[in-house]
>>> print(open('work-v5.cif').read())   # mmCIF, N, CA and C atoms
data_run
loop_
_atom_site.label_atom_id
_atom_site.label_comp_id
_atom_site.auth_asym_id
_atom_site.auth_seq_id
_atom_site.Cartn_x
_atom_site.Cartn_y
_atom_site.Cartn_z
N MET A 255 -48.06 200.84 4.55
CA MET A 255 -48.31 201.01 5.97
C MET A 255 -47.79 202.35 6.46
N GLU A 256 -46.61 202.69 5.97
CA GLU A 256 -46.00 203.95 6.38
C GLU A 256 -46.84 205.14 5.91
N GLN A 257 -47.40 205.04 4.72
CA GLN A 257 -48.23 206.13 4.19
C GLN A 257 -49.51 206.28 4.99
N LYS A 258 -50.08 205.16 5.47
CA LYS A 258 -51.29 205.23 6.29
C LYS A 258 -51.01 205.94 7.60
N ILE A 259 -49.88 205.62 8.22
CA ILE A 259 -49.51 206.26 9.48
C ILE A 259 -49.26 207.74 9.26
N GLU A 260 -48.56 208.06 8.18
CA GLU A 260 -48.26 209.46 7.86
C GLU A 260 -49.55 210.25 7.60
N LYS A 261 -50.47 209.65 6.88
CA LYS A 261 -51.75 210.31 6.60
C LYS A 261 -52.55 210.51 7.88
N TYR A 262 -52.53 209.53 8.77
CA TYR A 262 -53.25 209.64 10.04
C TYR A 262 -52.67 210.77 10.89
N ILE A 263 -51.35 210.85 10.97
CA ILE A 263 -50.70 211.91 11.75
C ILE A 263 -51.00 213.27 11.14
N ASP A 264 -50.94 213.38 9.81
CA ASP A 264 -51.26 214.66 9.15
C ASP A 264 -52.69 215.09 9.44
N ASN A 265 -53.62 214.17 9.35
CA ASN A 265 -55.02 214.50 9.63
C ASN A 265 -55.23 214.91 11.08
N ALA A 266 -54.58 214.22 11.99
CA ALA A 266 -54.71 214.55 13.41
C ALA A 266 -54.15 215.93 13.71
N LEU A 267 -52.99 216.24 13.14
CA LEU A 267 -52.40 217.56 13.38
C LEU A 267 -53.18 218.67 12.70
N ASP A 268 -53.76 218.41 11.55
CA ASP A 268 -54.59 219.40 10.88
C ASP A 268 -55.84 219.72 11.69
N ASN A 269 -56.37 218.74 12.38
CA ASN A 269 -57.57 218.96 13.18
C ASN A 269 -57.31 219.77 14.44
N ILE A 270 -56.11 219.63 15.04
CA ILE A 270 -55.86 220.33 16.29
C ILE A 270 -55.01 221.60 16.12
N ALA A 271 -54.62 221.92 14.90
CA ALA A 271 -53.77 223.10 14.66
C ALA A 271 -54.42 224.40 15.13
N PRO A 272 -55.72 224.65 14.90
CA PRO A 272 -56.30 225.91 15.38
C PRO A 272 -56.23 226.07 16.91
N GLN A 273 -56.30 224.97 17.65
CA GLN A 273 -56.20 225.06 19.10
C GLN A 273 -54.79 225.48 19.52
N PHE A 274 -53.78 225.06 18.76
CA PHE A 274 -52.42 225.48 19.06
C PHE A 274 -52.26 226.98 18.85
N PHE A 275 -52.84 227.52 17.80
CA PHE A 275 -52.73 228.94 17.53
C PHE A 275 -53.44 229.76 18.61
N LEU A 276 -54.62 229.32 18.98
CA LEU A 276 -55.38 230.02 20.02
C LEU A 276 -54.67 229.92 21.36
N SER A 277 -54.10 228.77 21.67
CA SER A 277 -53.39 228.63 22.95
C SER A 277 -52.13 229.49 22.96
N SER A 278 -51.52 229.68 21.81
CA SER A 278 -50.34 230.55 21.72
C SER A 278 -50.72 232.00 22.05
N ILE A 279 -51.86 232.44 21.54
CA ILE A 279 -52.32 233.80 21.82
C ILE A 279 -52.68 233.96 23.30
N ILE A 280 -53.35 232.98 23.87
CA ILE A 280 -53.72 233.03 25.29
C ILE A 280 -52.46 233.01 26.16
N PHE A 281 -51.52 232.13 25.84
CA PHE A 281 -50.26 232.05 26.59
C PHE A 281 -49.49 233.37 26.50
N GLY A 282 -49.46 233.97 25.33
CA GLY A 282 -48.78 235.26 25.16
C GLY A 282 -49.42 236.36 25.98
N THR A 283 -50.75 236.38 26.03
CA THR A 283 -51.45 237.38 26.83
C THR A 283 -51.14 237.22 28.32
N ILE A 284 -51.13 235.98 28.77
CA ILE A 284 -50.81 235.71 30.19
C ILE A 284 -49.38 236.15 30.49
N LEU A 285 -48.46 235.86 29.58
CA LEU A 285 -47.07 236.27 29.79
C LEU A 285 -46.92 237.79 29.83
N ILE A 286 -47.66 238.49 28.99
CA ILE A 286 -47.57 239.96 29.00
C ILE A 286 -48.08 240.52 30.32
N PHE A 287 -49.21 240.02 30.79
CA PHE A 287 -49.73 240.50 32.08
C PHE A 287 -48.79 240.16 33.23
N LEU A 288 -48.20 238.97 33.19
CA LEU A 288 -47.24 238.58 34.22
C LEU A 288 -46.00 239.47 34.16
N GLY A 289 -45.53 239.75 32.96
CA GLY A 289 -44.36 240.61 32.79
C GLY A 289 -44.61 242.03 33.25
N ILE A 290 -45.79 242.56 32.97
CA ILE A 290 -46.13 243.91 33.44
C ILE A 290 -46.18 243.93 34.97
N THR A 291 -46.74 242.87 35.55
CA THR A 291 -46.79 242.78 37.01
C THR A 291 -45.40 242.76 37.61
N PHE A 292 -44.50 241.98 37.02
CA PHE A 292 -43.12 241.93 37.52
C PHE A 292 -42.40 243.26 37.34
N SER A 293 -42.65 243.94 36.24
CA SER A 293 -41.96 245.20 35.98
C SER A 293 -42.42 246.31 36.90
N VAL A 294 -43.71 246.33 37.22
CA VAL A 294 -44.26 247.39 38.05
C VAL A 294 -43.98 247.15 39.53
N LYS A 295 -43.91 245.87 39.92
CA LYS A 295 -43.72 245.51 41.32
C LYS A 295 -42.38 246.03 41.84
N LYS A 296 -42.41 246.63 43.01
CA LYS A 296 -41.19 247.14 43.62
C LYS A 296 -40.43 245.98 44.25
N SER A 297 -39.17 245.84 43.90
CA SER A 297 -38.37 244.77 44.49
C SER A 297 -36.97 245.30 44.77
N SER A 298 -36.30 244.58 45.63
CA SER A 298 -34.96 245.01 46.00
C SER A 298 -33.93 244.63 44.94
N THR A 299 -34.30 243.72 44.06
CA THR A 299 -33.35 243.32 43.02
C THR A 299 -33.83 243.79 41.65
N ARG A 300 -32.89 243.98 40.78
CA ARG A 300 -33.19 244.41 39.42
C ARG A 300 -33.60 243.21 38.55
N ASN A 301 -33.29 242.01 39.01
CA ASN A 301 -33.58 240.81 38.21
C ASN A 301 -35.06 240.64 37.94
N LEU A 302 -35.91 241.05 38.88
CA LEU A 302 -37.35 240.88 38.69
C LEU A 302 -37.84 241.78 37.56
N LYS A 303 -37.27 242.96 37.43
CA LYS A 303 -37.65 243.85 36.33
C LYS A 303 -37.19 243.28 34.99
N THR A 304 -36.02 242.69 34.97
CA THR A 304 -35.51 242.07 33.75
C THR A 304 -36.37 240.88 33.35
N VAL A 305 -36.76 240.07 34.31
CA VAL A 305 -37.63 238.93 34.03
C VAL A 305 -38.97 239.43 33.49
N GLY A 306 -39.46 240.52 34.03
CA GLY A 306 -40.71 241.10 33.55
C GLY A 306 -40.61 241.54 32.10
N LEU A 307 -39.52 242.18 31.75
CA LEU A 307 -39.34 242.63 30.37
C LEU A 307 -39.20 241.45 29.41
N VAL A 308 -38.52 240.40 29.85
CA VAL A 308 -38.39 239.21 29.02
C VAL A 308 -39.76 238.56 28.82
N CYS A 309 -40.56 238.50 29.88
CA CYS A 309 -41.91 237.93 29.77
C CYS A 309 -42.76 238.73 28.79
N VAL A 310 -42.68 240.03 28.84
CA VAL A 310 -43.45 240.87 27.92
C VAL A 310 -42.98 240.62 26.49
N GLY A 311 -41.69 240.53 26.27
CA GLY A 311 -41.17 240.29 24.93
C GLY A 311 -41.58 238.94 24.37
N VAL A 312 -41.45 237.90 25.17
CA VAL A 312 -41.83 236.56 24.72
C VAL A 312 -43.34 236.48 24.49
N GLY A 313 -44.10 237.14 25.36
CA GLY A 313 -45.56 237.16 25.19
C GLY A 313 -45.97 237.85 23.91
N ALA A 314 -45.32 238.96 23.60
CA ALA A 314 -45.64 239.68 22.36
C ALA A 314 -45.30 238.83 21.13
N VAL A 315 -44.18 238.15 21.18
CA VAL A 315 -43.79 237.27 20.06
C VAL A 315 -44.79 236.13 19.91
N ALA A 316 -45.25 235.57 21.04
CA ALA A 316 -46.23 234.47 20.98
C ALA A 316 -47.55 234.94 20.38
N ILE A 317 -47.99 236.13 20.74
CA ILE A 317 -49.25 236.66 20.19
C ILE A 317 -49.11 236.91 18.69
N VAL A 318 -48.03 237.55 18.30
CA VAL A 318 -47.83 237.83 16.87
C VAL A 318 -47.71 236.53 16.09
N SER A 319 -47.00 235.56 16.62
CA SER A 319 -46.85 234.28 15.95
C SER A 319 -48.20 233.57 15.79
N GLY A 320 -49.02 233.59 16.84
CA GLY A 320 -50.33 232.97 16.75
C GLY A 320 -51.23 233.66 15.74
N LEU A 321 -51.19 234.99 15.70
CA LEU A 321 -52.02 235.72 14.76
C LEU A 321 -51.58 235.51 13.32
N VAL A 322 -50.27 235.47 13.10
CA VAL A 322 -49.76 235.30 11.74
C VAL A 322 -50.09 233.89 11.23
N GLN A 323 -50.02 232.90 12.09
CA GLN A 323 -50.28 231.53 11.67
C GLN A 323 -51.76 231.26 11.43
N MET A 324 -52.62 232.08 12.00
CA MET A 324 -54.05 231.90 11.74
C MET A 324 -54.32 232.34 10.33
#
>>> encode(input="work-v5.cif", output="structure tokens")
Amino acid sequence: MEQKIEKYIDNALDNIAPQFFLSSIIFGTILIFLGITFSVKKSSTRNLKTVGLVCVGVGAVAIVSGLVQM
């Protein structure tokens, strides 16, 4: 019984794995654009620029991770 459940879960995850990789690339692209927007936007605090740089970094890592896993 345990092997049947394990096989079912493996098959289900194998079928949806490409969507996870594609969503990682899309999410990374959105984060990069959001980070660039935060970095360029004039604000009275420096925190918004830092958040922008973090968003760009995380977005770049997400894109590279999605591409490597494909």
>>> resolve_selection(input="work-v5.cif", expression="the PyMOL selection byres (((chain A and resi 287-297 and name CA) around 10) and name CA)", output="tab-separated table (two decimals) with N, CA and C atoms, keeping the file's coordinate frame")
chain	number	residue	atom	x	y	z
A	282	GLY	N	-49.46	233.97	25.33
A	282	GLY	CA	-48.78	235.26	25.16
A	282	GLY	C	-49.42	236.36	25.98
A	283	THR	N	-50.75	236.38	26.03
A	283	THR	CA	-51.45	237.38	26.83
A	283	THR	C	-51.14	237.22	28.32
A	284	ILE	N	-51.13	235.98	28.77
A	284	ILE	CA	-50.81	235.71	30.19
A	284	ILE	C	-49.38	236.15	30.49
A	285	LEU	N	-48.46	235.86	29.58
A	285	LEU	CA	-47.07	236.27	29.79
A	285	LEU	C	-46.92	237.79	29.83
A	286	ILE	N	-47.66	238.49	28.99
A	286	ILE	CA	-47.57	239.96	29.00
A	286	ILE	C	-48.08	240.52	30.32
A	298	SER	N	-36.30	244.58	45.63
A	298	SER	CA	-34.96	245.01	46.00
A	298	SER	C	-33.93	244.63	44.94
A	299	THR	N	-34.30	243.72	44.06
A	299	THR	CA	-33.35	243.32	43.02
A	299	THR	C	-33.83	243.79	41.65
A	300	ARG	N	-32.89	243.98	40.78
A	300	ARG	CA	-33.19	244.41	39.42
A	300	ARG	C	-33.60	243.21	38.55
A	301	ASN	N	-33.29	242.01	39.01
A	301	ASN	CA	-33.58	240.81	38.21
A	301	ASN	C	-35.06	240.64	37.94
A	302	LEU	N	-35.91	241.05	38.88
A	302	LEU	CA	-37.35	240.88	38.69
A	302	LEU	C	-37.84	241.78	37.56
A	303	LYS	N	-37.27	242.96	37.43
A	303	LYS	CA	-37.65	243.85	36.33
A	303	LYS	C	-37.19	243.28	34.99
A	304	THR	N	-36.02	242.69	34.97
A	304	THR	CA	-35.51	242.07	33.75
A	304	THR	C	-36.37	240.88	33.35
A	305	VAL	N	-36.76	240.07	34.31
A	305	VAL	CA	-37.63	238.93	34.03
A	305	VAL	C	-38.97	239.43	33.49
A	306	GLY	N	-39.46	240.52	34.03
A	306	GLY	CA	-40.71	241.10	33.55
A	306	GLY	C	-40.61	241.54	32.10
A	307	LEU	N	-39.52	242.18	31.75
A	307	LEU	CA	-39.34	242.63	30.37
A	307	LEU	C	-39.20	241.45	29.41
A	308	VAL	N	-38.52	240.40	29.85
A	308	VAL	CA	-38.39	239.21	29.02
A	308	VAL	C	-39.76	238.56	28.82
A	309	CYS	N	-40.56	238.50	29.88
A	309	CYS	CA	-41.91	237.93	29.77
A	309	CYS	C	-42.76	238.73	28.79
A	310	VAL	N	-42.68	240.03	28.84
A	310	VAL	CA	-43.45	240.87	27.92
A	310	VAL	C	-42.98	240.62	26.49
A	311	GLY	N	-41.69	240.53	26.27
A	311	GLY	CA	-41.17	240.29	24.93
A	311	GLY	C	-41.58	238.94	24.37
A	312	VAL	N	-41.45	237.90	25.17
A	312	VAL	CA	-41.83	236.56	24.72
A	312	VAL	C	-43.34	236.48	24.49
A	313	GLY	N	-44.10	237.14	25.36
A	313	GLY	CA	-45.56	237.16	25.19
A	313	GLY	C	-45.97	237.85	23.91
>>> atom_distance(input="work-v5.cif", atom1="CA of Gln273 (chain A)", atom2="CA of Glu260 (chain A)")
20.8 Å
>>> closest_residue(input="work-v5.cif", among="A:Val322, A:Leu267, A:Ile259, A:Ala316", to="Ile279 (chain A)", atoms="all atoms listed in the file")
A:Ala316
>>> atom_distance(input="work-v5.cif", atom1="CA of Asn269 (chain A)", atom2="CA of Ile317 (chain A)")
20.8 Å
>>> atom_distance(input="work-v5.cif", atom1="CA of Leu276 (chain A)", atom2="CA of Gly320 (chain A)")
6.7 Å
>>> closest_residue(input="work-v5.cif", among="A:Lys258, A:Asp268, A:Val315, A:Ile263", to="Ile280 (chain A)", atoms="only C-alpha atoms")
A:Val315
>>> residues_around(input="work-v5.cif", residues="Ser319 (chain A)", least_positions_apart="4", cutoff="9 Å", atoms="only C-alpha atoms", output="NGL selection string")
:A and (275 or 278-279 or 314-315 or 323-324)
>>> axis_aligned_box(input="work-v5.cif", around="region 258-277 of chain A", padding_each_side="3 Å", output="JSON")
{"center_x": -52.9, "center_y": 217.6, "center_z": 14.2, "size_x": 15.3, "size_y": 30.9, "size_z": 23.5}
>>> build_atoms(input="work-v5.cif", residues="region 258-276 of chain A", atoms="N, CA, C and O atoms", output="short mmCIF file (atom, residue, chain, number, x, y, z; two decimals), in the coordinates of the input")
data_model
loop_
_atom_site.label_atom_id
_atom_site.label_comp_id
_atom_site.auth_asym_id
_atom_site.auth_seq_id
_atom_site.Cartn_x
_atom_site.Cartn_y
_atom_site.Cartn_z
N LYS A 258 -50.08 205.16 5.47
CA LYS A 258 -51.29 205.23 6.29
C LYS A 258 -51.01 205.94 7.60
O LYS A 258 -51.80 206.77 8.05
N ILE A 259 -49.88 205.62 8.22
CA ILE A 259 -49.51 206.26 9.48
C ILE A 259 -49.26 207.74 9.26
O ILE A 259 -49.69 208.59 10.04
N GLU A 260 -48.56 208.06 8.18
CA GLU A 260 -48.26 209.46 7.86
C GLU A 260 -49.55 210.25 7.60
O GLU A 260 -49.70 211.38 8.06
N LYS A 261 -50.47 209.65 6.88
CA LYS A 261 -51.75 210.31 6.60
C LYS A 261 -52.55 210.51 7.88
O LYS A 261 -53.15 211.56 8.09
N TYR A 262 -52.53 209.53 8.77
CA TYR A 262 -53.25 209.64 10.04
C TYR A 262 -52.67 210.77 10.89
O TYR A 262 -53.41 211.58 11.46
N ILE A 263 -51.35 210.85 10.97
CA ILE A 263 -50.70 211.91 11.75
C ILE A 263 -51.00 213.27 11.14
O ILE A 263 -51.29 214.24 11.86
N ASP A 264 -50.94 213.38 9.81
CA ASP A 264 -51.26 214.66 9.15
C ASP A 264 -52.69 215.09 9.44
O ASP A 264 -52.95 216.27 9.72
N ASN A 265 -53.62 214.17 9.35
CA ASN A 265 -55.02 214.50 9.63
C ASN A 265 -55.23 214.91 11.08
O ASN A 265 -55.96 215.86 11.37
N ALA A 266 -54.58 214.22 11.99
CA ALA A 266 -54.71 214.55 13.41
C ALA A 266 -54.15 215.93 13.71
O ALA A 266 -54.77 216.72 14.43
N LEU A 267 -52.99 216.24 13.14
CA LEU A 267 -52.40 217.56 13.38
C LEU A 267 -53.18 218.67 12.70
O LEU A 267 -53.25 219.79 13.21
N ASP A 268 -53.76 218.41 11.55
CA ASP A 268 -54.59 219.40 10.88
C ASP A 268 -55.84 219.72 11.69
O ASP A 268 -56.30 220.87 11.70
N ASN A 269 -56.37 218.74 12.38
CA ASN A 269 -57.57 218.96 13.18
C ASN A 269 -57.31 219.77 14.44
O ASN A 269 -58.18 220.51 14.89
N ILE A 270 -56.11 219.63 15.04
CA ILE A 270 -55.86 220.33 16.29
C ILE A 270 -55.01 221.60 16.12
O ILE A 270 -54.73 222.28 17.08
N ALA A 271 -54.62 221.92 14.90
CA ALA A 271 -53.77 223.10 14.66
C ALA A 271 -54.42 224.40 15.13
O ALA A 271 -53.73 225.22 15.74
N PRO A 272 -55.72 224.65 14.90
CA PRO A 272 -56.30 225.91 15.38
C PRO A 272 -56.23 226.07 16.91
O PRO A 272 -56.07 227.18 17.40
N GLN A 273 -56.30 224.97 17.65
CA GLN A 273 -56.20 225.06 19.10
C GLN A 273 -54.79 225.48 19.52
O GLN A 273 -54.63 226.19 20.51
N PHE A 274 -53.78 225.06 18.76
CA PHE A 274 -52.42 225.48 19.06
C PHE A 274 -52.26 226.98 18.85
O PHE A 274 -51.60 227.66 19.65
N PHE A 275 -52.84 227.52 17.80
CA PHE A 275 -52.73 228.94 17.53
C PHE A 275 -53.44 229.76 18.61
O PHE A 275 -52.91 230.76 19.11
N LEU A 276 -54.62 229.32 18.98
CA LEU A 276 -55.38 230.02 20.02
C LEU A 276 -54.67 229.92 21.36
O LEU A 276 -54.60 230.91 22.10
#
